[in-house]
Every structure is written in structure tokens, then in C-alpha cells.
Amino acid sequence: MELATAIETRRTVRMFQRRPIAQDLLQRVVRAALFAPNPHNAQTWRFDVVAGSKRDELVKIIRQFPSYMADLLATYPADLREFVLEFSQDLGGAPVLVVISVPTMGDTHVHKIDLIAASTALQNLQLAAWNEGLGCVCLTNALWVEADIVRFLGLEQREIVTVVPMGYPSAIPEISPRRDDVVHWLGFDDN
Ligand SMILES: Cc1cc2nc3c(=O)[nH]c(=O)nc-3n(C[C@H](O)[C@H](O)[C@H](O)COP(=O)(O)O)c2cc1C
């Protein structure tokens, strides 16, 4: 797939087929994340790729997130709230969960830079997954149960950036429209 096509056709996927993902395919997708730019090439990110019975155990932890974000959920439109509650039960049936983490905060700026680097890796991961016919969702809702995920995966001294449920899509959403009023062009009229 052309890069521009991948960028413009990628969608967040929240409903997955049960079909397992071959490990060599997953390795290609995760490898794309590792090639993301990062400061001093320190590669402070970490990717835990979780499948099988470990995935089922992790889902049991993550599915608790709606009760921890009940106040926020109460502000959602009813249909979205329903969807989140339904989705949380089995994370759309995603057969694989990728957990991205960085070291816990020391210096504020260093920490922010670690998060930016992990975000660049996250987008490589999402585009590479899409290129391979997979879908995924950056599930930051899982941060509401961050401490439990850290404990389960033995990630002491690290914090979770996001969890990424991944699988073959069973439904692909419509394109989410983009705003163009967020781009400000300065100095282009000078000549
Ligand atoms: C930082 C970030 C956090 C997100 N958190 C969630 C989330 O917790 N749950 C969810 O369903 N989607 C989440 N998403 C996906 C967005 O809802 C989605 O990217 C957005 O609606 C645009 O749709 P698209 O990705 O299909 O273009 C998140 C995306 C990003 C980049």
C-alpha cells in the first residue's frame, strides 16, 4: 500500500474477527514501531504483545475501566456510552493487545519527550497494522486501570502510554472528518 493511501484510509477499528494473527505478521507490525524516530535513539519505549490466555486475563483487568471513569462516561451521549460499555466487555474481540509503556516520570521534559517518541512509534504501529490488513484502536480508556495493568505485566518503574487492541476488522467505520481550521499558515504572502 502507498504510504499516502495508508495514511488517508486508516480507520480506528473497534470490532474484530476472532481469527488469530500469525506471529510473523505481528513481528512485522511491531518492527515498524521500533523504527520510529526517538531522542538520541535511546528507545525508552517498551511493547508488550499479549495473546492467548494472557490476553484473556488482561481483558478481565481492562474491562473494569468503565466503572473507574463513570463520571466521565455519564457526560457521553447515551449511544456512545452504551457502545463503550459493550466494547469494554471483550475489547471488540481483539485477539492481540499491544501495551506501550515508557519509564515513569523523572524530569518533566524528558518524560514528555519519551511520550512523544512512544506516540511516533504508536502511529508507525497503526499504519503498519493497516497496511497488513489489520485494524486497531489506541485505547487510552485503559489508563483508568493503569496500575492494575502495570502490576499484571510486571512493569514496575514504567507507565502505560496506551493499550492497542488489534485484529482483523469485522467492521470498518466511516472516515472521521478532519478540520482544516487547525492549520495556520504564516509568512506565505511575503513574496
Ligand atoms: C491519543 C488517542 C487516544 C484515543 N483514545 C481512545 C479510546 O480510549 N477509546 C477509543 O475507542 N478510541 C480512542 N482513540 C481513537 C480515536 O477516537 C480516533 O482516532 C478518532 O475518533 C479519529 O478516528 P480515526 O482514527 O478512525 O481517524 C484515541 C486516539 C488517540 C490518538
# chains A, B, ... in the order shown; residues from 1 in each chain; ligands from 1

$ residues_around --residues "A:Asn131" --least-positions-apart "5" --cutoff "9 Å" --atoms "only C-alpha atoms" --output "CSV table (one decimal) with N, CA and C atoms, in the first residue's frame"
chain,number,residue,atom,x,y,z
A,1,MET,N,0.8,-1.2,0.0
A,1,MET,CA,0.0,0.0,0.0
A,1,MET,C,0.9,1.2,0.0
A,2,GLU,N,0.5,2.2,-0.8
A,2,GLU,CA,1.3,3.5,-0.8
A,2,GLU,C,1.1,4.2,0.6
A,3,LEU,N,2.2,4.8,1.0
A,3,LEU,CA,2.1,5.5,2.3
A,3,LEU,C,0.9,6.4,2.4
A,6,ALA,N,-2.2,4.6,2.8
A,6,ALA,CA,-2.4,4.1,4.2
A,6,ALA,C,-2.8,5.2,5.2
A,10,ARG,N,-6.6,4.8,6.7
A,10,ARG,CA,-6.6,4.1,8.0
A,10,ARG,C,-7.8,4.6,8.8
A,29,VAL,N,4.7,-5.9,12.1
A,29,VAL,CA,3.9,-4.7,12.5
A,29,VAL,C,4.7,-4.0,13.7
A,126,GLN,N,0.2,1.6,14.0
A,126,GLN,CA,-1.1,1.6,13.5
A,126,GLN,C,-1.1,1.6,12.0

$ residues_around --residues "A:Asn41" --least-positions-apart "6" --cutoff "12 Å" --atoms "only C-alpha atoms" --output "list in words"
Leu34, Phe35, Ile113, Asp114, Ala117 and Ala118 of chain A

$ residues_near_ligand --ligand "ligand 1" --cutoff "8 Å" --atoms "only C-alpha atoms and all ligand atoms" --output "list in words"
Arg10, Arg11, Thr12, Val13, Arg14, Val84, Val137, Cys138, Leu139, Thr140, Asn141, Ala142, Thr162, Pro173, Glu174, Ile175, Ser176 and Pro177 of chain A

$ residues_around --residues "A:Pro66" --least-positions-apart "2" --cutoff "9 Å" --atoms "only C-alpha atoms" --output "CSV table (one decimal) with C-alpha atoms, in the first residue's frame"
chain,number,residue,atom,x,y,z
A,62,ILE,CA,-9.1,-3.7,31.3
A,63,ARG,CA,-12.9,-4.3,31.2
A,64,GLN,CA,-13.1,-2.7,34.6
A,68,TYR,CA,-13.5,4.0,37.1
A,69,MET,CA,-14.5,6.6,34.6
A,70,ALA,CA,-18.2,6.6,35.5
A,73,LEU,CA,-19.0,8.3,30.9
A,84,VAL,CA,-18.2,1.9,25.4
A,85,LEU,CA,-19.8,-0.4,27.9
A,88,SER,CA,-15.2,-2.9,27.2
A,141,ASN,CA,-9.5,4.4,28.3
A,144,TRP,CA,-8.2,4.2,34.1

$ select_by_dssp --residues "stretch 124-185 of chain A" --states "strand (DSSP E)" --output "list in words"
Gly135, Cys136, Arg158, Glu159, Ile160, Val161, Thr162, Val163, Val164, Pro165, Met166, Gly167, Pro169, Ser170 and Ala171 of chain A

$ decode --residues "stretch 29-61 of chain A" --atoms "N, CA and C atoms" --output "CSV table (one decimal), in the first residue's frame"
chain,number,residue,atom,x,y,z
A,29,VAL,N,4.7,-5.9,12.1
A,29,VAL,CA,3.9,-4.7,12.5
A,29,VAL,C,4.7,-4.0,13.7
A,30,VAL,N,5.2,-4.8,14.6
A,30,VAL,CA,5.8,-4.3,15.8
A,30,VAL,C,7.2,-3.7,15.4
A,31,ARG,N,7.8,-4.4,14.4
A,31,ARG,CA,9.1,-3.9,14.0
A,31,ARG,C,9.0,-2.5,13.4
A,32,ALA,N,7.9,-2.2,12.7
A,32,ALA,CA,7.7,-0.8,12.2
A,32,ALA,C,7.7,0.2,13.3
A,33,ALA,N,7.1,-0.2,14.4
A,33,ALA,CA,7.1,0.7,15.6
A,33,ALA,C,8.5,1.0,16.1
A,34,LEU,N,9.4,0.0,16.0
A,34,LEU,CA,10.7,0.2,16.5
A,34,LEU,C,11.6,1.1,15.7
A,35,PHE,N,11.1,1.3,14.4
A,35,PHE,CA,11.9,2.2,13.5
A,35,PHE,C,11.4,3.7,13.6
A,36,ALA,N,10.6,4.0,14.6
A,36,ALA,CA,10.1,5.4,14.8
A,36,ALA,C,11.3,6.2,15.3
A,37,PRO,N,11.2,7.5,15.0
A,37,PRO,CA,12.2,8.4,15.5
A,37,PRO,C,12.1,8.5,17.0
A,38,ASN,N,13.2,8.7,17.7
A,38,ASN,CA,13.2,8.9,19.1
A,38,ASN,C,14.5,9.5,19.6
A,39,PRO,N,14.5,10.2,20.7
A,39,PRO,CA,15.6,11.1,21.1
A,39,PRO,C,16.9,10.3,21.4
A,40,HIS,N,18.0,10.7,20.8
A,40,HIS,CA,19.3,10.0,21.0
A,40,HIS,C,19.2,8.5,20.7
A,41,ASN,N,18.2,8.1,20.0
A,41,ASN,CA,18.0,6.7,19.7
A,41,ASN,C,18.0,5.8,21.0
A,42,ALA,N,17.5,6.4,22.1
A,42,ALA,CA,17.5,5.7,23.4
A,42,ALA,C,16.5,4.6,23.5
A,43,GLN,N,15.4,4.7,22.7
A,43,GLN,CA,14.4,3.7,22.6
A,43,GLN,C,13.9,3.3,24.0
A,44,THR,N,13.4,4.3,24.7
A,44,THR,CA,12.9,4.0,26.1
A,44,THR,C,11.5,3.4,26.1
A,45,TRP,N,10.9,3.3,24.9
A,45,TRP,CA,9.6,2.6,24.9
A,45,TRP,C,9.7,1.1,25.1
A,46,ARG,N,8.6,0.5,25.4
A,46,ARG,CA,8.5,-0.9,25.5
A,46,ARG,C,7.2,-1.4,25.0
A,47,PHE,N,7.1,-2.5,24.3
A,47,PHE,CA,5.9,-3.1,23.7
A,47,PHE,C,5.7,-4.5,24.3
A,48,ASP,N,4.6,-4.6,25.0
A,48,ASP,CA,4.2,-6.0,25.4
A,48,ASP,C,3.1,-6.4,24.5
A,49,VAL,N,3.4,-7.5,23.8
A,49,VAL,CA,2.4,-8.0,22.8
A,49,VAL,C,1.7,-9.2,23.4
A,50,VAL,N,0.5,-9.1,23.7
A,50,VAL,CA,-0.2,-10.1,24.5
A,50,VAL,C,-1.3,-10.8,23.8
A,51,ALA,N,-1.2,-12.2,23.7
A,51,ALA,CA,-2.2,-13.0,23.0
A,51,ALA,C,-2.6,-14.2,23.9
A,52,GLY,N,-3.6,-15.0,23.4
A,52,GLY,CA,-4.0,-16.2,24.1
A,52,GLY,C,-4.5,-16.0,25.5
A,53,SER,N,-4.2,-16.9,26.4
A,53,SER,CA,-4.8,-16.9,27.8
A,53,SER,C,-4.3,-15.6,28.5
A,54,LYS,N,-3.1,-15.1,28.2
A,54,LYS,CA,-2.6,-13.9,28.9
A,54,LYS,C,-3.5,-12.7,28.4
A,55,ARG,N,-3.9,-12.7,27.1
A,55,ARG,CA,-4.8,-11.7,26.6
A,55,ARG,C,-6.1,-11.7,27.3
A,56,ASP,N,-6.6,-13.0,27.6
A,56,ASP,CA,-7.9,-13.1,28.2
A,56,ASP,C,-7.8,-12.5,29.7
A,57,GLU,N,-6.7,-12.8,30.3
A,57,GLU,CA,-6.5,-12.3,31.7
A,57,GLU,C,-6.5,-10.8,31.7
A,58,LEU,N,-5.7,-10.2,30.7
A,58,LEU,CA,-5.6,-8.8,30.6
A,58,LEU,C,-6.9,-8.1,30.3
A,59,VAL,N,-7.7,-8.7,29.5
A,59,VAL,CA,-9.0,-8.2,29.1
A,59,VAL,C,-9.9,-8.1,30.4
A,60,LYS,N,-9.8,-9.1,31.3
A,60,LYS,CA,-10.5,-9.1,32.5
A,60,LYS,C,-10.2,-7.9,33.4
A,61,ILE,N,-8.9,-7.4,33.3
A,61,ILE,CA,-8.5,-6.3,34.0
A,61,ILE,C,-9.0,-5.0,33.3
